[in-house]
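The structure file input-v6.txt is reproduced below (compact mmCIF, N, CA and C atoms).
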# COMPACT_ATOMS: atom_id res chain seq x y z
N MET A 1 -40.96 -59.72 -16.91
CA MET A 1 -41.15 -58.78 -15.85
C MET A 1 -40.39 -57.50 -16.21
N LYS A 2 -41.09 -56.42 -16.13
CA LYS A 2 -40.52 -55.13 -16.49
C LYS A 2 -40.31 -54.29 -15.22
N LEU A 3 -39.02 -53.83 -15.02
CA LEU A 3 -38.71 -53.01 -13.85
C LEU A 3 -38.82 -51.54 -14.23
N ASP A 4 -39.39 -50.78 -13.37
CA ASP A 4 -39.53 -49.34 -13.61
C ASP A 4 -38.36 -48.62 -12.93
N ILE A 5 -37.29 -48.29 -13.70
CA ILE A 5 -36.10 -47.65 -13.15
C ILE A 5 -36.14 -46.17 -13.49
N ASP A 6 -35.96 -45.35 -12.47
CA ASP A 6 -35.95 -43.89 -12.66
C ASP A 6 -34.55 -43.45 -13.09
N ARG A 7 -34.41 -42.93 -14.29
CA ARG A 7 -33.10 -42.52 -14.82
C ARG A 7 -32.79 -41.05 -14.59
N SER A 8 -33.60 -40.32 -13.88
CA SER A 8 -33.33 -38.90 -13.63
C SER A 8 -32.23 -38.76 -12.57
N PRO A 9 -31.36 -37.72 -12.71
CA PRO A 9 -30.28 -37.55 -11.73
C PRO A 9 -30.83 -37.21 -10.35
N PRO A 10 -30.07 -37.55 -9.34
CA PRO A 10 -30.54 -37.23 -7.98
C PRO A 10 -30.71 -35.72 -7.82
N LYS A 11 -31.65 -35.33 -7.00
CA LYS A 11 -31.96 -33.91 -6.82
C LYS A 11 -30.84 -33.15 -6.12
N SER A 12 -30.05 -33.79 -5.31
CA SER A 12 -28.99 -33.09 -4.60
C SER A 12 -27.94 -32.56 -5.55
N GLU A 13 -27.63 -33.27 -6.64
CA GLU A 13 -26.64 -32.79 -7.61
C GLU A 13 -27.18 -31.61 -8.41
N THR A 14 -28.44 -31.65 -8.77
CA THR A 14 -28.99 -30.55 -9.57
C THR A 14 -29.10 -29.28 -8.74
N GLN A 15 -29.25 -29.37 -7.46
CA GLN A 15 -29.32 -28.19 -6.63
C GLN A 15 -27.94 -27.64 -6.29
N LEU A 16 -26.90 -28.40 -6.51
CA LEU A 16 -25.54 -27.98 -6.20
C LEU A 16 -24.93 -27.12 -7.31
N ILE A 17 -25.35 -27.31 -8.53
CA ILE A 17 -24.78 -26.57 -9.67
C ILE A 17 -25.00 -25.05 -9.55
N PRO A 18 -26.19 -24.54 -9.24
CA PRO A 18 -26.33 -23.08 -9.08
C PRO A 18 -25.49 -22.52 -7.93
N LEU A 19 -25.31 -23.30 -6.87
CA LEU A 19 -24.48 -22.86 -5.75
C LEU A 19 -23.03 -22.71 -6.20
N ILE A 20 -22.54 -23.66 -6.98
CA ILE A 20 -21.17 -23.56 -7.50
C ILE A 20 -21.02 -22.34 -8.40
N ASN A 21 -22.02 -22.06 -9.23
CA ASN A 21 -21.98 -20.88 -10.10
C ASN A 21 -21.90 -19.60 -9.29
N VAL A 22 -22.69 -19.51 -8.23
CA VAL A 22 -22.68 -18.32 -7.39
C VAL A 22 -21.33 -18.15 -6.70
N VAL A 23 -20.76 -19.23 -6.21
CA VAL A 23 -19.45 -19.17 -5.54
C VAL A 23 -18.38 -18.68 -6.50
N PHE A 24 -18.36 -19.18 -7.73
CA PHE A 24 -17.36 -18.73 -8.70
C PHE A 24 -17.58 -17.28 -9.11
N LEU A 25 -18.82 -16.84 -9.21
CA LEU A 25 -19.10 -15.43 -9.51
C LEU A 25 -18.62 -14.53 -8.38
N MET A 26 -18.84 -14.95 -7.14
CA MET A 26 -18.37 -14.16 -6.00
C MET A 26 -16.85 -14.13 -5.97
N LEU A 27 -16.20 -15.25 -6.26
CA LEU A 27 -14.75 -15.31 -6.31
C LEU A 27 -14.20 -14.35 -7.36
N ALA A 28 -14.79 -14.36 -8.55
CA ALA A 28 -14.36 -13.45 -9.61
C ALA A 28 -14.57 -12.00 -9.20
N PHE A 29 -15.71 -11.68 -8.57
CA PHE A 29 -15.98 -10.31 -8.13
C PHE A 29 -14.94 -9.83 -7.14
N PHE A 30 -14.61 -10.64 -6.13
CA PHE A 30 -13.66 -10.22 -5.12
C PHE A 30 -12.23 -10.15 -5.66
N MET A 31 -11.92 -10.95 -6.66
CA MET A 31 -10.59 -10.86 -7.27
C MET A 31 -10.45 -9.57 -8.07
N ILE A 32 -11.51 -9.17 -8.75
CA ILE A 32 -11.46 -7.94 -9.56
C ILE A 32 -11.55 -6.70 -8.69
N ALA A 33 -12.45 -6.70 -7.74
CA ALA A 33 -12.69 -5.52 -6.92
C ALA A 33 -11.95 -5.58 -5.60
N GLY A 34 -10.98 -6.47 -5.46
CA GLY A 34 -10.34 -6.71 -4.18
C GLY A 34 -9.29 -5.71 -3.76
N GLN A 35 -8.85 -4.83 -4.64
CA GLN A 35 -7.82 -3.88 -4.24
C GLN A 35 -8.45 -2.78 -3.41
N VAL A 36 -8.17 -2.80 -2.12
CA VAL A 36 -8.77 -1.85 -1.20
C VAL A 36 -7.90 -0.60 -1.08
N GLN A 37 -6.62 -0.78 -1.08
CA GLN A 37 -5.69 0.32 -0.86
C GLN A 37 -4.90 0.59 -2.14
N LYS A 38 -4.69 1.87 -2.41
CA LYS A 38 -3.92 2.25 -3.58
C LYS A 38 -2.48 1.75 -3.41
N SER A 39 -1.97 1.07 -4.43
CA SER A 39 -0.62 0.55 -4.33
C SER A 39 0.40 1.63 -4.65
N ASP A 40 1.60 1.49 -4.09
CA ASP A 40 2.66 2.45 -4.33
C ASP A 40 3.21 2.30 -5.73
N SER A 41 3.60 3.42 -6.33
CA SER A 41 4.20 3.37 -7.66
C SER A 41 5.66 2.97 -7.59
N VAL A 42 6.26 3.08 -6.41
CA VAL A 42 7.66 2.73 -6.21
C VAL A 42 7.70 1.53 -5.27
N THR A 43 8.38 0.46 -5.68
CA THR A 43 8.49 -0.74 -4.85
C THR A 43 9.68 -0.61 -3.91
N LEU A 44 9.40 -0.64 -2.62
CA LEU A 44 10.44 -0.51 -1.60
C LEU A 44 10.34 -1.65 -0.61
N ASP A 45 11.46 -1.98 -0.03
CA ASP A 45 11.51 -2.94 1.07
C ASP A 45 11.64 -2.12 2.34
N THR A 46 10.51 -1.79 2.99
CA THR A 46 10.54 -0.90 4.14
C THR A 46 11.05 -1.60 5.39
N PRO A 47 11.70 -0.86 6.29
CA PRO A 47 12.21 -1.47 7.52
C PRO A 47 11.08 -1.89 8.45
N ILE A 48 11.41 -2.75 9.41
CA ILE A 48 10.43 -3.27 10.36
C ILE A 48 10.52 -2.49 11.67
N SER A 49 9.37 -2.25 12.29
CA SER A 49 9.31 -1.47 13.52
C SER A 49 8.35 -2.14 14.50
N GLU A 50 8.52 -1.82 15.78
CA GLU A 50 7.60 -2.29 16.80
C GLU A 50 6.74 -1.15 17.34
N SER A 51 6.69 -0.05 16.61
CA SER A 51 5.92 1.11 17.01
C SER A 51 4.43 0.82 16.87
N GLU A 52 3.65 1.36 17.79
CA GLU A 52 2.21 1.17 17.74
C GLU A 52 1.49 2.40 17.26
N SER A 53 2.20 3.42 16.82
CA SER A 53 1.55 4.65 16.37
C SER A 53 0.90 4.42 15.00
N GLU A 54 -0.20 5.09 14.79
CA GLU A 54 -0.95 4.96 13.54
C GLU A 54 -0.52 6.04 12.56
N ARG A 55 -0.60 5.71 11.26
CA ARG A 55 -0.26 6.69 10.24
C ARG A 55 -1.43 7.64 10.04
N LYS A 56 -1.10 8.90 9.75
CA LYS A 56 -2.13 9.88 9.45
C LYS A 56 -2.58 9.70 8.00
N PRO A 57 -3.85 10.00 7.71
CA PRO A 57 -4.35 9.77 6.35
C PRO A 57 -3.81 10.80 5.35
N ASN A 58 -3.72 10.37 4.10
CA ASN A 58 -3.35 11.21 2.96
C ASN A 58 -2.08 12.04 3.15
N PRO A 59 -0.97 11.39 3.41
CA PRO A 59 0.27 12.16 3.56
C PRO A 59 0.89 12.49 2.20
N ILE A 60 1.81 13.44 2.22
CA ILE A 60 2.69 13.65 1.07
C ILE A 60 3.81 12.64 1.26
N THR A 61 4.07 11.83 0.25
CA THR A 61 5.01 10.73 0.38
C THR A 61 6.31 11.03 -0.35
N VAL A 62 7.42 10.89 0.36
CA VAL A 62 8.76 10.99 -0.22
C VAL A 62 9.36 9.59 -0.14
N SER A 63 9.60 8.97 -1.31
CA SER A 63 10.14 7.61 -1.37
C SER A 63 11.59 7.66 -1.83
N ILE A 64 12.44 6.88 -1.17
CA ILE A 64 13.86 6.82 -1.52
C ILE A 64 14.19 5.37 -1.83
N THR A 65 14.64 5.11 -3.05
CA THR A 65 14.95 3.74 -3.47
C THR A 65 16.36 3.36 -3.05
N ILE A 66 16.71 2.11 -3.25
CA ILE A 66 18.03 1.59 -2.89
C ILE A 66 19.14 2.31 -3.65
N ASP A 67 18.85 2.77 -4.88
CA ASP A 67 19.86 3.49 -5.66
C ASP A 67 19.72 5.00 -5.51
N GLU A 68 19.08 5.43 -4.41
CA GLU A 68 18.95 6.82 -3.99
C GLU A 68 18.17 7.71 -4.96
N GLN A 69 17.25 7.13 -5.69
CA GLN A 69 16.34 7.94 -6.49
C GLN A 69 15.23 8.40 -5.56
N ILE A 70 14.79 9.64 -5.72
CA ILE A 70 13.79 10.23 -4.84
C ILE A 70 12.50 10.44 -5.62
N TYR A 71 11.41 9.96 -5.05
CA TYR A 71 10.09 10.11 -5.66
C TYR A 71 9.22 10.91 -4.71
N LEU A 72 8.52 11.90 -5.25
CA LEU A 72 7.60 12.71 -4.47
C LEU A 72 6.20 12.37 -4.95
N ASN A 73 5.41 11.71 -4.10
CA ASN A 73 4.08 11.20 -4.46
C ASN A 73 4.13 10.37 -5.74
N GLY A 74 5.17 9.55 -5.87
CA GLY A 74 5.28 8.64 -7.00
C GLY A 74 5.93 9.21 -8.24
N VAL A 75 6.34 10.48 -8.21
CA VAL A 75 6.96 11.13 -9.36
C VAL A 75 8.44 11.35 -9.05
N LEU A 76 9.31 10.92 -9.97
CA LEU A 76 10.75 11.05 -9.79
C LEU A 76 11.15 12.53 -9.80
N VAL A 77 11.91 12.95 -8.77
CA VAL A 77 12.41 14.33 -8.70
C VAL A 77 13.91 14.29 -8.41
N ALA A 78 14.60 15.33 -8.84
CA ALA A 78 16.02 15.45 -8.54
C ALA A 78 16.18 15.89 -7.09
N ARG A 79 17.31 15.55 -6.49
CA ARG A 79 17.56 15.88 -5.09
C ARG A 79 17.49 17.39 -4.85
N ASP A 80 18.05 18.19 -5.78
CA ASP A 80 18.06 19.64 -5.59
C ASP A 80 16.69 20.27 -5.84
N GLU A 81 15.76 19.53 -6.46
CA GLU A 81 14.41 20.05 -6.68
C GLU A 81 13.42 19.57 -5.62
N LEU A 82 13.85 18.69 -4.74
CA LEU A 82 12.95 18.09 -3.75
C LEU A 82 12.27 19.14 -2.88
N VAL A 83 13.04 20.05 -2.33
CA VAL A 83 12.48 21.03 -1.40
C VAL A 83 11.49 21.95 -2.10
N SER A 84 11.83 22.44 -3.28
CA SER A 84 10.93 23.36 -3.99
C SER A 84 9.63 22.64 -4.39
N GLN A 85 9.74 21.41 -4.87
CA GLN A 85 8.56 20.64 -5.25
C GLN A 85 7.68 20.35 -4.02
N LEU A 86 8.33 20.02 -2.91
CA LEU A 86 7.60 19.71 -1.68
C LEU A 86 6.88 20.94 -1.15
N LYS A 87 7.56 22.07 -1.16
CA LYS A 87 6.92 23.31 -0.69
C LYS A 87 5.75 23.70 -1.58
N SER A 88 5.87 23.48 -2.89
CA SER A 88 4.75 23.81 -3.78
C SER A 88 3.56 22.88 -3.51
N LEU A 89 3.82 21.61 -3.18
CA LEU A 89 2.72 20.70 -2.82
C LEU A 89 2.04 21.14 -1.53
N ILE A 90 2.82 21.61 -0.57
CA ILE A 90 2.26 22.07 0.70
C ILE A 90 1.39 23.30 0.47
N VAL A 91 1.86 24.22 -0.38
CA VAL A 91 1.09 25.43 -0.67
C VAL A 91 -0.19 25.07 -1.42
N GLU A 92 -0.10 24.13 -2.37
CA GLU A 92 -1.27 23.71 -3.13
C GLU A 92 -2.33 23.05 -2.26
N SER A 93 -1.90 22.33 -1.23
CA SER A 93 -2.87 21.65 -0.37
C SER A 93 -3.71 22.64 0.42
N ASP A 94 -3.11 23.77 0.80
CA ASP A 94 -3.81 24.86 1.48
C ASP A 94 -4.67 24.34 2.64
N SER A 95 -4.07 23.50 3.48
CA SER A 95 -4.81 22.94 4.61
C SER A 95 -4.16 23.36 5.91
N THR A 96 -4.98 23.43 6.95
CA THR A 96 -4.48 23.74 8.27
C THR A 96 -4.84 22.57 9.17
N PRO A 97 -3.92 21.95 9.82
CA PRO A 97 -2.48 22.09 9.79
C PRO A 97 -1.91 21.62 8.46
N PRO A 98 -0.63 21.91 8.19
CA PRO A 98 -0.04 21.48 6.93
C PRO A 98 -0.08 19.96 6.78
N PRO A 99 -0.07 19.48 5.55
CA PRO A 99 -0.18 18.03 5.35
C PRO A 99 0.97 17.26 5.98
N HIS A 100 0.68 16.05 6.34
CA HIS A 100 1.65 15.14 6.95
C HIS A 100 2.64 14.66 5.89
N ILE A 101 3.92 14.58 6.20
CA ILE A 101 4.93 14.12 5.26
C ILE A 101 5.45 12.77 5.73
N LEU A 102 5.38 11.78 4.84
CA LEU A 102 5.80 10.42 5.14
C LEU A 102 6.99 10.08 4.26
N VAL A 103 8.10 9.70 4.89
CA VAL A 103 9.30 9.30 4.16
C VAL A 103 9.37 7.78 4.15
N LYS A 104 9.39 7.21 2.94
CA LYS A 104 9.51 5.77 2.77
C LYS A 104 10.88 5.49 2.18
N ALA A 105 11.77 4.95 2.98
CA ALA A 105 13.12 4.62 2.52
C ALA A 105 13.27 3.12 2.46
N ASP A 106 13.97 2.65 1.45
CA ASP A 106 14.24 1.22 1.31
C ASP A 106 15.06 0.76 2.50
N ALA A 107 14.73 -0.40 3.07
CA ALA A 107 15.42 -0.91 4.26
C ALA A 107 16.88 -1.23 3.97
N ARG A 108 17.20 -1.52 2.71
CA ARG A 108 18.58 -1.85 2.35
C ARG A 108 19.44 -0.61 2.14
N LEU A 109 18.82 0.57 2.12
CA LEU A 109 19.55 1.83 1.96
C LEU A 109 20.28 2.15 3.27
N ALA A 110 21.51 2.59 3.16
CA ALA A 110 22.28 2.92 4.37
C ALA A 110 21.58 4.03 5.14
N ALA A 111 21.58 3.91 6.45
CA ALA A 111 20.88 4.88 7.31
C ALA A 111 21.42 6.29 7.12
N ILE A 112 22.70 6.43 6.83
CA ILE A 112 23.28 7.76 6.65
C ILE A 112 22.69 8.44 5.42
N ARG A 113 22.33 7.66 4.39
CA ARG A 113 21.71 8.22 3.17
C ARG A 113 20.30 8.73 3.48
N THR A 114 19.56 7.95 4.25
CA THR A 114 18.21 8.38 4.65
C THR A 114 18.31 9.62 5.53
N ARG A 115 19.28 9.63 6.41
CA ARG A 115 19.45 10.76 7.32
C ARG A 115 19.80 12.04 6.54
N THR A 116 20.53 11.90 5.44
CA THR A 116 20.86 13.05 4.61
C THR A 116 19.61 13.69 4.03
N ILE A 117 18.69 12.86 3.54
CA ILE A 117 17.43 13.37 2.99
C ILE A 117 16.60 14.02 4.09
N LEU A 118 16.56 13.40 5.27
CA LEU A 118 15.82 14.00 6.39
C LEU A 118 16.44 15.33 6.79
N GLY A 119 17.77 15.44 6.71
CA GLY A 119 18.45 16.70 7.00
C GLY A 119 18.08 17.78 5.99
N ILE A 120 17.97 17.41 4.73
CA ILE A 120 17.55 18.37 3.69
C ILE A 120 16.15 18.89 3.99
N LEU A 121 15.25 18.00 4.40
CA LEU A 121 13.89 18.42 4.73
C LEU A 121 13.88 19.31 5.97
N ARG A 122 14.69 18.99 6.97
CA ARG A 122 14.76 19.80 8.19
C ARG A 122 15.30 21.20 7.88
N ASP A 123 16.37 21.26 7.06
CA ASP A 123 16.95 22.55 6.70
C ASP A 123 15.98 23.41 5.90
N ALA A 124 15.04 22.78 5.21
CA ALA A 124 14.04 23.51 4.44
C ALA A 124 12.91 24.02 5.31
N GLY A 125 12.93 23.68 6.60
CA GLY A 125 11.90 24.16 7.52
C GLY A 125 10.74 23.20 7.68
N ILE A 126 10.88 22.01 7.19
CA ILE A 126 9.82 21.01 7.33
C ILE A 126 10.11 20.22 8.60
N GLY A 127 9.33 20.47 9.62
CA GLY A 127 9.63 19.94 10.94
C GLY A 127 9.09 18.55 11.21
N GLU A 128 7.84 18.29 10.87
CA GLU A 128 7.23 17.02 11.23
C GLU A 128 7.26 16.06 10.05
N VAL A 129 8.09 15.04 10.18
CA VAL A 129 8.25 14.03 9.14
C VAL A 129 8.19 12.66 9.82
N ALA A 130 7.48 11.73 9.20
CA ALA A 130 7.39 10.37 9.74
C ALA A 130 8.13 9.43 8.79
N LEU A 131 8.75 8.41 9.35
CA LEU A 131 9.46 7.40 8.59
C LEU A 131 8.60 6.14 8.54
N ALA A 132 8.27 5.69 7.33
CA ALA A 132 7.39 4.53 7.16
C ALA A 132 8.14 3.24 7.50
N THR A 133 7.47 2.37 8.25
CA THR A 133 8.01 1.06 8.61
C THR A 133 6.89 0.04 8.56
N LEU A 134 7.27 -1.23 8.55
CA LEU A 134 6.30 -2.31 8.68
C LEU A 134 6.23 -2.72 10.14
N GLN A 135 5.02 -3.00 10.62
CA GLN A 135 4.89 -3.43 12.01
C GLN A 135 5.15 -4.92 12.13
N THR A 136 5.76 -5.32 13.24
CA THR A 136 5.96 -6.73 13.50
C THR A 136 4.68 -7.31 14.09
N LEU A 137 4.61 -8.62 14.13
CA LEU A 137 3.43 -9.27 14.69
C LEU A 137 3.24 -8.96 16.15
N SER A 138 4.33 -8.82 16.91
CA SER A 138 4.22 -8.56 18.35
C SER A 138 3.61 -7.19 18.63
N SER A 139 3.82 -6.22 17.74
CA SER A 139 3.27 -4.89 17.99
C SER A 139 1.82 -4.79 17.55
N ARG A 140 1.34 -5.73 16.72
CA ARG A 140 -0.06 -5.71 16.28
C ARG A 140 -0.98 -6.33 17.30
N GLU A 141 -0.47 -7.15 18.19
CA GLU A 141 -1.31 -7.86 19.15
C GLU A 141 -1.73 -6.96 20.29
Spit out the file's structure as structure tokens when you get a sec.
Amino acid sequence: MKLDIDRSPPKSETQLIPLINVVFLMLAFFMIAGQVQKSDSVTLDTPISESESERKPNPITVSITIDEQIYLNGVLVARDELVSQLKSLIVESDSTPPPHILVKADARLAAIRTRTILGILRDAGIGEVALATLQTLSSRE
């Protein structure tokens, strides 16, 4: 007696392989193209805030590291050159109203050091400056 046994694989497995291929292709695409926001050139540990105000787009960024190095839009500048470089960026932007200035100070930096830089900006006639912070979960809800 001869039994007729079908040795072909079940159809459910053969239909699953293209689905797995598509999922891995999508995973690779989102990993490569996943950076939505431009990352900062200076790594800072920013302080936490409960403020609900939104940041204005495309600000001029002044970053202050823990060792008090000052970066203007990601470029290292000396403290005595900060005001002149900042004013030249404002003139180059040629926008009305003047561009928004965002100060990103490391959270571990003493507040008096951050205040000194803000005082330099104020003395230079730069009135509107925002201090970057991270929002807490309670302020996002």
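Nearest to Gln85 of chain A of all the residues A:Pro59, A:Leu72, A:Pro97, A:Gly34 is A:Leu72, counting only N, CA and C atoms.
Atom pair atom CA of Leu86 of chain A / atom C of Arg113 of chain A has a distance of 17.6 Å (rounded to one decimal).
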Q. Running DSSP on the backbone, which parts of segment 55-88 of chain A land in strand (DSSP E or B), as a PyMOL selection string?
A. chain A and resi 60-64+70-72+75-77
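Nearest to Tyr71 of chain A of all the residues A:Glu128, A:Phe30, A:Ala105, A:Val22 is A:Ala105, based on only C-alpha atoms.
Atom C of Glu92 of chain A to atom CA of Gln69 of chain A spans 24.4 Å [interatomic distance, one decimal].
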Q) Could you work out how far atom C of Leu102 of chain A lies from atom C of Val83 of chain A, giving the answer in Å with one decimal? A) 14.2 Å
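Using all atoms listed in the file, the shortest contact distance between Ile66 of chain A and any of A:Leu27, A:Leu118, A:Ala110, A:Val91 is found at A:Ala110.
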Q: Have a look at A:Val75, A:Ile60, A:Ala111, A:Gln15 and name the one nearest to Leu89 of chain A; count only N, CA and C atoms.
A: A:Ile60
Q: Enumerate, as a list in words, the complete set of residues in segment 73-132 of chain A that a backbone-based DSSP assignment places in helix (DSSP H, G or I).
A: Arg79, Asp80, Glu81, Leu82, Val83, Ser84, Gln85, Leu86, Lys87, Ser88, Leu89, Ile90, Val91, Glu92, Ser93, Ala111, Ile112, Arg113, Thr114, Arg115, Thr116, Ile117, Leu118, Gly119, Ile120, Leu121, Arg122 and Asp123 of chain A
